[in-house]
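Pasting target08.txt here (compact mmCIF, C-alpha atoms):
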# COMPACT_ATOMS: atom_id res chain seq x y z
CA MET A 28 52.37 80.86 93.96
CA SER A 29 54.19 80.63 90.66
CA SER A 30 54.25 83.52 88.25
CA TYR A 31 54.77 84.19 84.57
CA TYR A 32 58.26 85.07 83.32
CA GLU A 33 60.47 82.98 85.62
CA SER A 34 64.04 83.95 84.67
CA GLN A 35 65.17 80.32 84.54
CA ASP A 36 62.55 79.66 81.86
CA LEU A 37 64.83 81.38 79.37
CA GLN A 38 66.94 78.20 79.49
CA LYS A 39 63.91 76.36 78.11
CA PHE A 40 63.82 78.40 74.90
CA GLY A 41 65.04 75.35 72.99
CA GLU A 42 61.84 73.53 73.98
CA ILE A 43 59.94 75.43 71.29
CA GLY A 44 61.19 72.63 69.06
CA GLN A 45 59.26 70.01 70.99
CA HIS A 46 56.34 69.75 68.57
CA ALA A 47 57.82 71.44 65.52
CA LYS A 48 61.50 70.61 65.48
CA GLY A 49 62.18 71.48 61.86
CA LEU A 50 60.69 74.93 62.20
CA ALA A 51 62.54 75.54 65.47
CA ASP A 52 65.80 74.44 63.85
CA ASP A 53 65.17 76.86 60.99
CA PHE A 54 64.45 79.64 63.47
CA PHE A 55 67.53 79.05 65.62
CA ARG A 56 69.79 78.84 62.58
CA TYR A 57 68.39 82.14 61.32
CA TYR A 58 68.61 83.63 64.81
CA GLY A 59 72.25 82.61 65.20
CA ASN A 60 73.20 83.87 61.76
CA VAL A 61 71.60 87.25 62.38
CA THR A 62 72.65 87.97 65.97
CA GLY A 63 75.73 85.81 66.50
CA THR A 64 78.04 87.09 63.78
CA ASP A 65 79.59 90.32 62.63
CA GLY A 66 78.13 91.37 59.28
CA ALA A 67 77.38 94.78 57.85
CA LEU A 68 76.57 95.51 61.49
CA THR A 69 78.82 94.42 64.32
CA ARG A 70 77.58 91.98 66.97
CA ARG A 71 77.64 94.92 69.39
CA GLU A 72 75.40 97.05 67.16
CA LYS A 73 73.02 94.13 66.72
CA ALA A 74 72.94 93.58 70.49
CA LEU A 75 72.02 97.23 71.05
CA ILE A 76 69.22 97.01 68.46
CA ALA A 77 67.97 93.82 70.10
CA LEU A 78 68.07 95.50 73.51
CA ALA A 79 65.92 98.35 72.18
CA VAL A 80 63.45 95.90 70.61
CA SER A 81 63.35 93.92 73.88
CA HIS A 82 62.17 97.03 75.67
CA ALA A 83 59.70 98.05 72.98
CA GLN A 84 58.23 94.54 73.08
CA LYS A 85 58.49 94.44 76.90
CA CYS A 86 60.11 90.99 76.99
CA PRO A 87 61.88 90.37 80.32
CA TYR A 88 63.71 87.31 78.95
CA CYS A 89 65.12 89.38 76.10
CA ILE A 90 66.02 92.29 78.37
CA ASP A 91 68.10 89.98 80.58
CA ALA A 92 69.66 88.20 77.62
CA TYR A 93 70.55 91.34 75.67
CA THR A 94 71.80 93.28 78.67
CA THR A 95 74.33 90.47 79.05
CA GLN A 96 74.95 90.29 75.30
CA CYS A 97 75.60 94.04 75.18
CA LEU A 98 78.22 93.70 77.92
CA GLU A 99 79.76 90.65 76.27
CA THR A 100 80.18 92.58 73.04
CA GLY A 101 81.75 95.57 74.80
CA ALA A 102 78.86 98.04 74.88
CA ASN A 103 78.85 100.50 77.76
CA PRO A 104 75.89 101.53 79.95
CA GLU A 105 75.50 104.90 78.20
CA GLN A 106 75.14 103.17 74.82
CA MET A 107 72.66 100.69 76.29
CA MET A 108 70.53 103.40 77.90
CA GLU A 109 70.60 105.43 74.70
CA ALA A 110 69.35 102.39 72.78
CA VAL A 111 66.40 102.15 75.18
CA HIS A 112 65.68 105.84 74.59
CA VAL A 113 65.57 105.12 70.85
CA ALA A 114 62.90 102.50 71.56
CA ALA A 115 61.04 104.89 73.85
CA VAL A 116 61.11 107.82 71.47
CA MET A 117 60.01 105.64 68.56
CA GLN A 118 57.02 104.49 70.58
CA ALA A 119 56.22 108.08 71.57
CA GLY A 120 56.60 109.22 67.96
CA ILE A 121 54.40 106.40 66.69
CA THR A 122 51.70 107.41 69.17
CA LEU A 123 52.01 111.11 68.35
CA VAL A 124 52.09 110.70 64.57
CA HIS A 125 48.69 109.01 64.83
CA SER A 126 47.33 112.36 65.97
CA VAL A 127 47.48 113.32 62.28
CA GLN A 128 44.76 110.75 61.72
CA MET A 129 42.86 112.21 64.66
CA GLN A 130 43.18 115.71 63.20
CA ASN A 131 42.15 114.51 59.73
CA HIS A 132 39.01 113.02 61.18
CA LEU A 133 38.44 116.06 63.39
CA ARG A 134 38.55 118.34 60.35
CA LYS A 135 36.04 116.06 58.62
CA LEU A 136 33.64 116.24 61.57
CA VAL A 137 33.89 119.94 62.34
CA LEU A 138 31.72 122.23 60.26
CA MET B 1 74.86 69.93 86.54
CA ASN B 2 78.26 68.29 86.11
CA TYR B 3 81.13 70.72 85.54
CA ASP B 4 83.80 68.07 85.00
CA PHE B 5 86.56 69.86 83.06
CA GLU B 6 88.52 66.70 82.32
CA ALA B 7 85.40 65.08 80.87
CA GLN B 8 85.28 67.98 78.39
CA LEU B 9 88.88 67.22 77.41
CA ARG B 10 88.23 63.49 77.08
CA ARG B 11 85.14 64.07 74.94
CA ARG B 12 87.29 65.98 72.46
CA SER B 13 90.39 63.76 72.83
CA LEU B 14 92.38 66.71 74.14
CA GLU B 15 95.56 65.98 76.06
CA LEU B 16 96.83 69.10 77.82
CA ALA B 17 100.37 68.26 78.85
CA PRO B 18 103.00 70.89 79.75
CA ARG B 19 104.78 72.21 76.65
CA ALA B 20 107.41 74.38 78.35
CA VAL B 21 108.20 76.37 81.43
CA ASP B 22 109.03 79.76 79.97
CA THR B 23 107.51 81.87 82.73
CA LEU B 24 107.97 81.77 86.49
CA GLN B 25 105.02 83.59 88.02
CA VAL B 26 105.75 84.39 91.65
CA ASN B 27 103.17 85.60 94.14
CA ILE B 28 105.30 87.38 96.73
CA THR B 29 102.54 88.73 98.98
CA LYS B 30 98.78 88.73 99.49
CA LEU B 31 98.98 92.20 101.04
CA CYS B 32 97.25 94.79 98.88
CA ASN B 33 96.19 98.41 99.22
CA GLN B 34 92.86 97.43 97.61
CA ALA B 35 90.23 94.78 98.32
CA CYS B 36 88.56 94.23 94.93
CA ARG B 37 85.23 92.42 94.85
CA HIS B 38 86.31 89.85 92.29
CA CYS B 39 89.87 89.20 93.59
CA HIS B 40 90.74 85.51 93.30
CA VAL B 41 93.64 85.99 95.73
CA ASP B 42 91.36 87.46 98.42
CA ALA B 43 94.06 90.10 98.76
CA SER B 44 93.50 93.11 101.04
CA PRO B 45 95.29 95.52 103.41
CA ALA B 46 94.68 92.97 106.19
CA ARG B 47 96.69 90.13 104.62
CA THR B 48 100.15 89.37 106.01
CA GLU B 49 101.57 86.60 103.78
CA MET B 50 105.05 87.49 102.49
CA MET B 51 107.63 85.46 100.60
CA SER B 52 110.76 84.95 102.69
CA PRO B 53 114.15 86.36 101.56
CA GLU B 54 115.38 82.75 101.23
CA ALA B 55 112.52 81.87 98.88
CA ILE B 56 113.19 84.96 96.75
CA GLU B 57 116.86 83.99 96.52
CA LYS B 58 115.79 80.49 95.53
CA CYS B 59 113.61 81.89 92.73
CA LEU B 60 116.57 83.94 91.48
CA GLU B 61 118.82 80.89 91.58
CA ILE B 62 116.24 78.94 89.54
CA LEU B 63 116.06 81.76 87.01
CA GLU B 64 119.85 81.87 86.74
CA ARG B 65 120.16 78.12 86.26
CA HIS B 66 117.43 77.89 83.63
CA PRO B 67 117.82 80.06 80.53
CA GLN B 68 114.61 78.43 79.24
CA ILE B 69 112.70 80.43 81.84
CA ALA B 70 112.88 83.78 80.08
CA THR B 71 110.19 85.64 82.03
CA LEU B 72 109.65 86.47 85.68
CA ASP B 73 106.06 87.53 86.32
CA ILE B 74 105.76 89.09 89.80
CA THR B 75 102.30 89.23 91.30
CA GLY B 76 100.43 89.58 94.57
CA GLY B 77 98.47 91.25 96.26
CA ALA B 78 100.30 94.37 95.34
CA PRO B 79 103.83 92.95 94.96
CA GLU B 80 105.39 96.39 95.39
CA LEU B 81 104.39 96.25 99.07
CA HIS B 82 106.83 93.40 99.73
CA PRO B 83 110.03 94.78 101.34
CA GLY B 84 112.18 92.70 99.00
CA PHE B 85 110.34 93.70 95.82
CA ALA B 86 112.82 96.24 94.45
CA ALA B 87 115.84 93.99 95.02
CA PHE B 88 114.02 91.05 93.39
CA VAL B 89 113.36 93.11 90.25
CA GLU B 90 116.90 94.48 90.14
CA LYS B 91 118.51 91.05 90.47
CA ALA B 92 116.18 89.44 87.91
CA THR B 93 116.87 92.14 85.33
CA LYS B 94 120.61 91.67 85.90
CA LEU B 95 120.02 88.03 84.91
CA LYS B 96 118.61 89.41 81.62
CA LYS B 97 115.14 88.11 82.38
CA HIS B 98 112.03 89.77 81.03
CA VAL B 99 110.36 91.06 84.21
CA MET B 100 106.63 91.66 84.36
CA VAL B 101 104.94 93.24 87.38
CA ARG B 102 101.20 92.94 88.02
CA HIS B 103 100.81 96.54 89.13
CA ASN B 104 97.39 97.74 90.30
CA LEU B 105 98.15 101.42 89.49
CA THR B 106 96.63 102.85 92.68
CA VAL B 107 99.51 101.58 94.82
CA GLN B 108 101.57 104.41 93.32
CA LEU B 109 99.33 106.93 95.06
CA ASP B 110 98.19 105.08 98.17
CA LYS B 111 100.81 104.95 100.86
CA HIS B 112 102.05 101.52 102.01
CA PRO B 113 99.16 100.20 104.17
CA LYS B 114 101.53 98.87 106.84
CA THR B 115 104.44 101.31 106.91
CA GLY B 116 102.90 104.49 105.48
CA ALA B 117 105.83 104.78 103.04
CA SER B 118 105.28 106.66 99.78
CA MET B 119 105.18 104.48 96.65
CA GLU B 120 105.49 107.36 94.19
CA TYR B 121 108.94 106.16 93.11
CA LEU B 122 107.44 103.28 91.16
CA PRO B 123 107.11 104.74 87.61
CA GLN B 124 110.79 105.77 87.54
CA PHE B 125 111.81 102.47 89.11
CA PHE B 126 109.86 100.44 86.54
CA ALA B 127 111.30 102.53 83.71
CA ARG B 128 114.88 102.20 84.96
CA HIS B 129 114.61 98.41 84.94
CA ARG B 130 112.46 98.22 81.78
CA VAL B 131 109.81 96.27 83.63
CA GLU B 132 106.70 95.37 81.65
CA VAL B 133 103.87 96.85 83.67
CA VAL B 134 100.59 94.91 83.57
CA SER B 135 97.70 96.77 85.16
CA SER B 136 94.06 95.96 85.76
CA LEU B 137 91.62 98.53 84.49
CA PRO B 138 88.23 96.80 84.27
CA TYR B 139 86.82 99.45 81.97
CA TYR B 140 87.59 102.75 80.30
CA GLN B 141 84.89 104.41 82.39
CA GLN B 142 84.52 105.06 86.09
CA TYR B 143 81.22 103.23 86.62
CA PHE B 144 82.41 99.64 86.14
CA THR B 145 85.92 100.25 87.46
CA ASP B 146 84.83 101.70 90.78
CA ALA B 147 82.06 99.10 91.14
CA GLN B 148 84.67 96.35 91.02
CA ARG B 149 87.76 97.90 92.56
CA GLY B 150 86.37 100.48 94.97
CA SER B 151 85.22 104.08 94.99
CA GLY B 152 87.77 106.50 93.54
CA VAL B 153 89.91 103.78 91.95
CA PHE B 154 89.22 104.88 88.37
CA ALA B 155 90.40 108.46 88.95
CA LYS B 156 93.52 107.25 90.76
CA SER B 157 94.24 104.69 88.03
CA ILE B 158 94.11 107.40 85.37
CA GLU B 159 96.49 109.57 87.38
CA ALA B 160 98.84 106.61 87.82
CA MET B 161 98.71 105.93 84.06
CA ARG B 162 99.62 109.59 83.42
CA ARG B 163 102.69 109.13 85.62
CA LEU B 164 103.66 105.97 83.76
CA ASN B 165 103.13 107.73 80.42
CA ALA B 166 105.31 110.61 81.66
CA VAL B 167 108.33 108.30 82.00
CA GLY B 168 107.71 106.72 78.58
CA TYR B 169 105.27 103.87 79.20
CA GLY B 170 102.78 103.25 76.41
CA ALA B 171 104.33 105.66 73.91
CA ASP B 172 104.98 104.58 70.31
CA TRP B 173 108.59 105.76 70.49
CA SER B 174 109.37 103.93 73.72
CA VAL B 175 110.43 100.38 74.57
CA LEU B 176 108.54 100.58 77.87
CA VAL B 177 105.41 98.44 77.74
CA LEU B 178 102.21 99.15 79.63
CA SER B 179 99.61 96.40 79.24
CA LEU B 180 96.11 96.83 80.59
CA VAL B 181 93.87 94.02 81.77
CA TYR B 182 90.12 94.00 81.27
CA ASN B 183 87.90 91.64 83.16
CA PRO B 184 84.11 91.63 83.26
CA VAL B 185 82.48 93.30 86.24
CA GLY B 186 80.12 90.38 86.71
CA PRO B 187 79.27 86.86 85.58
CA TYR B 188 79.58 87.32 81.87
CA LEU B 189 82.30 86.70 79.29
CA PRO B 190 84.70 89.37 78.02
CA ALA B 191 84.04 91.10 74.73
CA ALA B 192 86.43 90.39 71.85
CA GLN B 193 89.92 91.51 72.88
CA GLY B 194 90.71 93.35 69.64
CA SER B 195 87.57 95.47 69.50
CA LEU B 196 87.71 96.25 73.21
CA GLU B 197 91.36 97.29 72.90
CA ALA B 198 90.35 99.72 70.14
CA ASP B 199 87.61 101.16 72.39
CA TYR B 200 90.00 101.56 75.31
CA ARG B 201 92.63 103.21 73.12
CA ARG B 202 90.18 105.69 71.61
CA GLU B 203 88.33 106.56 74.82
CA LEU B 204 91.31 106.78 77.17
CA LYS B 205 93.22 108.96 74.73
CA ALA B 206 90.28 111.23 73.91
CA LYS B 207 88.88 111.68 77.40
CA PHE B 208 91.97 111.44 79.61
CA GLY B 209 94.99 111.78 77.30
CA VAL B 210 96.53 108.49 78.44
CA VAL B 211 98.05 105.74 76.28
CA PHE B 212 98.95 102.10 76.65
CA ASN B 213 100.37 99.32 74.47
CA ARG B 214 97.92 96.44 74.59
CA LEU B 215 94.85 95.14 76.32
CA TYR B 216 94.46 91.64 77.72
CA THR B 217 90.95 90.33 78.33
CA MET B 218 90.52 87.90 81.19
CA THR B 219 87.53 85.89 82.39
CA ASN B 220 86.56 85.93 86.06
CA MET B 221 87.34 82.58 87.64
CA PRO B 222 84.60 81.04 89.78
CA ILE B 223 86.77 80.81 92.88
CA ASN B 224 87.20 82.58 96.23
CA ARG B 225 85.72 86.08 96.55
CA PHE B 226 84.01 86.07 93.15
CA ARG B 227 82.56 82.60 93.75
CA LEU B 228 81.17 83.76 97.09
CA HIS B 229 79.48 86.67 95.30
CA LEU B 230 78.02 84.26 92.72
CA GLU B 231 76.73 81.95 95.44
CA LYS B 232 75.18 84.76 97.48
CA SER B 233 73.47 86.26 94.43
CA GLY B 234 72.23 82.91 93.09
CA GLN B 235 74.34 83.25 89.95
CA LEU B 236 76.88 80.45 90.40
CA GLU B 237 75.02 77.79 88.44
CA PRO B 238 74.07 80.06 85.51
CA TYR B 239 77.69 81.27 85.35
CA MET B 240 79.09 77.73 85.37
CA ASP B 241 76.53 76.78 82.70
CA LYS B 242 77.71 79.72 80.62
CA LEU B 243 81.39 78.73 80.94
CA LEU B 244 80.57 75.11 80.09
CA ALA B 245 78.44 76.03 77.08
CA ALA B 246 81.23 78.28 75.78
CA PHE B 247 83.97 75.61 76.06
CA ASN B 248 86.36 76.21 73.18
CA PRO B 249 88.88 73.47 72.29
CA VAL B 250 91.19 75.99 70.63
CA ALA B 251 91.30 78.03 73.84
CA ALA B 252 91.93 74.81 75.77
CA GLU B 253 95.01 74.07 73.66
CA GLY B 254 96.43 77.45 74.63
CA VAL B 255 95.88 77.41 78.40
CA MET B 256 98.71 79.14 80.23
CA CYS B 257 99.48 76.26 82.61
CA ARG B 258 101.12 74.49 79.66
CA SER B 259 103.95 77.04 79.61
CA LEU B 260 103.98 78.71 83.04
CA VAL B 261 104.35 77.68 86.64
CA SER B 262 103.13 79.64 89.64
CA VAL B 263 105.01 79.95 92.91
CA GLY B 264 103.30 80.75 96.20
CA HIS B 265 104.75 82.98 98.92
CA ASP B 266 105.86 79.85 100.79
CA GLY B 267 107.72 78.42 97.78
CA ARG B 268 105.16 75.83 96.79
CA VAL B 269 104.72 75.34 93.06
CA TYR B 270 101.37 75.31 91.28
CA ASP B 271 100.16 74.93 87.71
CA CYS B 272 98.71 78.44 87.77
CA ASP B 273 97.77 81.29 90.09
CA PHE B 274 94.21 79.97 90.41
CA ASN B 275 95.35 76.51 91.48
CA GLN B 276 97.60 78.30 93.96
CA MET B 277 94.63 80.05 95.54
CA LEU B 278 92.77 76.73 95.69
CA GLU B 279 95.89 75.10 97.21
CA LEU B 280 96.07 72.50 94.42
CA GLN B 281 99.82 72.08 94.57
CA ALA B 282 101.58 70.76 91.47
CA ALA B 283 102.96 67.25 91.77
CA GLY B 284 105.42 65.09 89.90
CA ARG B 285 104.44 61.80 88.27
CA ASP B 286 105.36 60.06 91.53
CA GLY B 287 102.78 62.14 93.38
CA ARG B 288 105.36 64.19 95.27
CA ALA B 289 104.26 67.79 95.80
CA LEU B 290 106.57 70.31 94.10
CA SER B 291 108.27 73.34 95.56
CA ILE B 292 111.07 75.71 94.57
CA PHE B 293 113.27 74.14 97.24
CA ASP B 294 113.53 70.91 95.24
CA PHE B 295 113.04 72.45 91.82
CA ASP B 296 113.61 70.09 88.95
CA PHE B 297 112.84 71.28 85.43
CA ASP B 298 112.29 67.85 83.90
CA THR B 299 109.95 66.82 86.72
CA LEU B 300 107.93 69.94 86.06
CA LEU B 301 107.78 69.30 82.32
CA GLY B 302 106.69 65.72 82.94
CA ARG B 303 103.98 66.51 85.48
CA ARG B 304 100.27 66.05 84.98
CA ILE B 305 98.56 69.43 85.22
CA ARG B 306 95.85 69.45 87.90
CA PHE B 307 92.50 70.54 86.55
CA GLY B 308 89.23 71.46 88.24
CA GLU B 309 85.89 72.96 87.33
CA HIS B 310 87.37 76.48 87.60
CA CYS B 311 89.47 75.67 84.50
CA LEU B 312 86.30 76.16 82.44
CA GLY B 313 86.99 79.88 82.96
CA CYS B 314 90.22 79.64 80.93
CA THR B 315 88.61 77.72 78.06
CA ALA B 316 85.37 79.67 77.58
CA GLY B 317 84.85 81.72 74.43
CA ALA B 318 88.07 83.29 73.22
CA GLY B 319 89.91 81.83 76.22
CA SER B 320 91.60 83.54 79.12
CA SER B 321 95.07 83.66 80.55
CA CYS B 322 97.43 86.04 82.30
CA GLY B 323 98.35 87.10 78.75
CA GLY B 324 94.74 87.65 77.67
CA ALA B 325 92.64 85.76 75.13
CA THR B 326 94.16 82.53 73.85
CA ALA B 327 91.95 81.86 70.82
CA GLU B 328 91.31 85.17 69.15

Please rewrite the model in this file as structure tokens.
Amino acid sequence: MSSYYESQDLQKFGEIGQHAKGLADDFFRYYGNVTGTDGALTRREKALIALAVSHAQKCPYCIDAYTTQCLETGANPEQMMEAVHVAAVMQAGITLVHSVQMQNHLRKLVL
Amino acid sequence: MNYDFEAQLRRRSLELAPRAVDTLQVNITKLCNQACRHCHVDASPARTEMMSPEAIEKCLEILERHPQIATLDITGGAPELHPGFAAFVEKATKLKKHVMVRHNLTVQLDKHPKTGASMEYLPQFFARHRVEVVSSLPYYQQYFTDAQRGSGVFAKSIEAMRRLNAVGYGADWSVLVLSLVYNPVGPYLPAAQGSLEADYRRELKAKFGVVFNRLYTMTNMPINRFRLHLEKSGQLEPYMDKLLAAFNPVAAEGVMCRSLVSVGHDGRVYDCDFNQMLELQAAGRDGRALSIFDFDFDTLLGRRIRFGEHCLGCTAGAGSSCGGATAE
């Protein structure tokens, strides 16, 4: 039985242009300009950010791609794991900060 | 998928003819104290191949007769384990050749796997003959280094670097050159040589107090032991796709086989160390296979370099050679 998220499907990313080539071309140009070049951030820093986002968004394609990209830009495993912790702690913080809303409403309800 | 290297050259009208023979790279033994997982030579303590004394003398004679060949690059295995190693270095330096030794660092501390002899004399020996020491250190941390080269290799490599530093290697004030070689620990391309060199310099100095002169980045070639790993893990095709997609014409122009020839332990001549391991012997225009025993400089310069799909490893990204990136 086949399953979602076959690793070889990442090679088919370019097929998003099949029915909207112009938009796909725009996207890939933008994508390449942002992630493929050193700018105010280095390619390594961008790869670490992308690795963190990949985890936050739970995208297996992106996790594979940016694990490799991190290595190919010279990042080490400690830096990569720390980037994932940034994603994790942001998600935890986002959940916890919503408890302020819960407490606001609680105070409204309680006599 | 078709990984035809020469088709890539034709598509871009690239003609990669020999430009010079300025380096004689000689593989004097496949014996090694290590058995690294990526080794393209398949070197290990079990190997027995050794260059004969006659072949070493022939190499020296070639070096003496050809001032154009300024560099002798001695490799293995661990070349220091060859019984004629020290004499080869001494005689080549007397000929005023620049001598490079591909030194795996740990051989200083491991005893000779066959004879049990101590190899601790090496730093002083290298320094005395002003040998350029070129040493693999796949990363500035233990994790990747030990994964590729064996448990405990990182710690031993650092100790060996300290001993080289102690006799003047890597220091700003010294003429003694210690070059390190980075190669990826898996099927991916090296990071940019310049930025990785800065990382190595900072981390090795700060954490271990060791110094070096320069870092060469090299790509893993899809041959022998590394190819077997790729096949077994289902990564060969993705890796070849990656090398093909990253083909860089500028790197192709700078491939090392255009200025170097490689000599096997039996005296056969090859376009590079990788062709040597694949037994793709260099041949003259008349098709005659070349060896040091009928060495002819003009025949070598006029030869057609033999290419194969593994050559995509030397032309991917910033390029790869025994002297590091070729297009950075």

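One finds atom CA of Thr75 of chain B at 29.6 Å from atom CA of Lys207 of chain B.
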
Need to verify the contact set: segment 69-85 of chain A, 8 Å, only C-alpha atoms, exclusion of same-chain residues closer than 2 positions in sequence. Can you return it as a ChimeraX atom specification?
/A:62-67,87,89-90,93-94,96-97,100-102,106-107,110-115,118

Would you mind exporting C-alpha atoms of the selected residues as an mmCIF file, in the coordinates of the input?
data_model
loop_
_atom_site.group_PDB
_atom_site.id
_atom_site.type_symbol
_atom_site.label_atom_id
_atom_site.label_comp_id
_atom_site.auth_asym_id
_atom_site.auth_seq_id
_atom_site.Cartn_x
_atom_site.Cartn_y
_atom_site.Cartn_z
ATOM 1 C CA THR A 62 72.650 87.970 65.970
ATOM 2 C CA GLY A 63 75.730 85.810 66.500
ATOM 3 C CA THR A 64 78.040 87.090 63.780
ATOM 4 C CA ASP A 65 79.590 90.320 62.630
ATOM 5 C CA GLY A 66 78.130 91.370 59.280
ATOM 6 C CA ALA A 67 77.380 94.780 57.850
ATOM 7 C CA PRO A 87 61.880 90.370 80.320
ATOM 8 C CA CYS A 89 65.120 89.380 76.100
ATOM 9 C CA ILE A 90 66.020 92.290 78.370
ATOM 10 C CA TYR A 93 70.550 91.340 75.670
ATOM 11 C CA THR A 94 71.800 93.280 78.670
ATOM 12 C CA GLN A 96 74.950 90.290 75.300
ATOM 13 C CA CYS A 97 75.600 94.040 75.180
ATOM 14 C CA THR A 100 80.180 92.580 73.040
ATOM 15 C CA GLY A 101 81.750 95.570 74.800
ATOM 16 C CA ALA A 102 78.860 98.040 74.880
ATOM 17 C CA GLN A 106 75.140 103.170 74.820
ATOM 18 C CA MET A 107 72.660 100.690 76.290
ATOM 19 C CA ALA A 110 69.350 102.390 72.780
ATOM 20 C CA VAL A 111 66.400 102.150 75.180
ATOM 21 C CA HIS A 112 65.680 105.840 74.590
ATOM 22 C CA VAL A 113 65.570 105.120 70.850
ATOM 23 C CA ALA A 114 62.900 102.500 71.560
ATOM 24 C CA ALA A 115 61.040 104.890 73.850
ATOM 25 C CA GLN A 118 57.020 104.490 70.580
#

From the list B:Cys257, B:Leu189, B:Val181, B:Cys39, which residue is nearest chain A when using only C-alpha atoms?
B:Leu189

Would you compute the distance between atom CA of Met221 of chain B and atom CA of Arg11 of chain B? Give it in Å to one decimal.
22.6 Å

Near segment 48-62 of chain B, within 10 Å and counting all atoms listed in the file, which residues show up once chain neighbours fewer than 3 positions away are dropped, as a PyMOL selection string?
chain B and resi 24-32+43-45+65-67+69+72+76-77+79+81-85+87-89+91-92+95+114+263-268+292-297

Need the shell around Gly152 of chain B: protein/DNA/RNA residues with any atom at most 12 Å away, counting all atoms listed in the file. Skip same-chain ones fewer than 4 positions apart. Format as JSON, numbers by chain?
{"B": [34, 106, 109, 110, 141, 142, 143, 144, 145, 146, 147, 148, 156, 157, 158, 159]}

Got a sec: who's within 8 Å of Gln68 of chain B, counting all atoms listed in the file, leaving out chain neighbours fewer than 2 positions off, as a count of residues only?
4

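Within a radius of 8 Å around (84.0, 79.9, 81.1), the polymer residues are Leu189, Thr219, Met221, Tyr239, Met240, Lys242, Leu243, Leu244, Ala245, Ala246, Phe247, Cys311, Leu312, Gly313, Cys314, Thr315, Ala316, Gly317 and Gly319 of chain B, counting all atoms listed in the file.
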
Could you tell me how far atom CA of Gln108 of chain B lies from atom CA of Leu164 of chain B, in Å and to one decimal?
9.9 Å

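Using only C-alpha atoms, the nearest neighbour of chain B within the list A:Thr95, A:Gln128, A:Ser29, A:Asn60 is A:Thr95.
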
At most 10 Å is the cut-off: for each residue in chain B with any atom that close to an atom of chain A, write down the nearest atom pair and the distance in Å rounded to one decimal, counting only C-alpha atoms, chain first then increasing number, as a tab-separated table.
residue	atom	partner	partner_atom	distance
B:Tyr139	CA	A:Asn103	CA	9.1
B:Tyr140	CA	A:Asn103	CA	9.4
B:Gln141	CA	A:Asn103	CA	8.6
B:Tyr143	CA	A:Pro104	CA	8.7
B:Phe144	CA	A:Asn103	CA	9.1
B:Pro184	CA	A:Leu98	CA	8.2
B:Val185	CA	A:Leu98	CA	9.4
B:Gly186	CA	A:Leu98	CA	9.6
B:Pro187	CA	A:Thr95	CA	8.9
B:Tyr188	CA	A:Glu99	CA	6.5
B:Leu189	CA	A:Glu99	CA	5.6
B:Pro190	CA	A:Glu99	CA	5.4
B:Ala191	CA	A:Thr100	CA	4.5
B:Ala192	CA	A:Thr100	CA	6.7
B:Gln193	CA	A:Gly101	CA	9.3
B:Ser195	CA	A:Gly101	CA	7.9
B:Leu196	CA	A:Gly101	CA	6.2
B:Glu197	CA	A:Gly101	CA	9.9
B:Asp199	CA	A:Gly101	CA	8.4
B:Pro238	CA	A:Gln35	CA	9.0

Scan for residues within 10 Å of the point (105.8, 105.5, 77.6) in the coordinates of the file, using only C-alpha atoms, and reply as a compact mmCIF listing (two decimals) with C-alpha atoms, keeping the file's coordinate frame.
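Listed below is the output, part34.txt:
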# COMPACT_ATOMS: atom_id res chain seq x y z
CA ALA B 127 111.30 102.53 83.71
CA MET B 161 98.71 105.93 84.06
CA ARG B 162 99.62 109.59 83.42
CA ARG B 163 102.69 109.13 85.62
CA LEU B 164 103.66 105.97 83.76
CA ASN B 165 103.13 107.73 80.42
CA ALA B 166 105.31 110.61 81.66
CA VAL B 167 108.33 108.30 82.00
CA GLY B 168 107.71 106.72 78.58
CA TYR B 169 105.27 103.87 79.20
CA GLY B 170 102.78 103.25 76.41
CA ALA B 171 104.33 105.66 73.91
CA ASP B 172 104.98 104.58 70.31
CA TRP B 173 108.59 105.76 70.49
CA SER B 174 109.37 103.93 73.72
CA VAL B 175 110.43 100.38 74.57
CA LEU B 176 108.54 100.58 77.87
CA VAL B 177 105.41 98.44 77.74
CA LEU B 178 102.21 99.15 79.63
CA VAL B 210 96.53 108.49 78.44
CA VAL B 211 98.05 105.74 76.28
CA PHE B 212 98.95 102.10 76.65
CA ASN B 213 100.37 99.32 74.47

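Counting all atoms listed in the file, the residue from A:Met117, A:Cys86, A:Ala51, A:Leu68 that sits nearest to Ser34 of chain A is A:Cys86.
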
As a PyMOL selection string, please: the residues near segment 270-287 of chain B (cut-off 6 Å, all atoms listed in the file, same-chain neighbours under 3 positions excluded).
chain B and resi 257+261-262+290+299+303

With N, CA and C atoms as the goal, would you fill in the gaps in segment 74-78 of chain A and present it as an mmCIF file, in the frame of the given file?
data_model
loop_
_atom_site.group_PDB
_atom_site.id
_atom_site.type_symbol
_atom_site.label_atom_id
_atom_site.label_comp_id
_atom_site.auth_asym_id
_atom_site.auth_seq_id
_atom_site.Cartn_x
_atom_site.Cartn_y
_atom_site.Cartn_z
ATOM 1 N N ALA A 74 73.381 93.780 69.098
ATOM 2 C CA ALA A 74 72.940 93.580 70.490
ATOM 3 C C ALA A 74 72.201 94.828 70.990
ATOM 4 N N LEU A 75 72.684 95.993 70.614
ATOM 5 C CA LEU A 75 72.020 97.230 71.050
ATOM 6 C C LEU A 75 70.641 97.373 70.399
ATOM 7 N N ILE A 76 70.539 96.988 69.123
ATOM 8 C CA ILE A 76 69.220 97.010 68.460
ATOM 9 C C ILE A 76 68.285 96.037 69.171
ATOM 10 N N ALA A 77 68.801 94.841 69.444
ATOM 11 C CA ALA A 77 67.970 93.820 70.100
ATOM 12 C C ALA A 77 67.552 94.270 71.501
ATOM 13 N N LEU A 78 68.420 94.989 72.176
ATOM 14 C CA LEU A 78 68.070 95.500 73.510
ATOM 15 C C LEU A 78 66.921 96.507 73.397
#
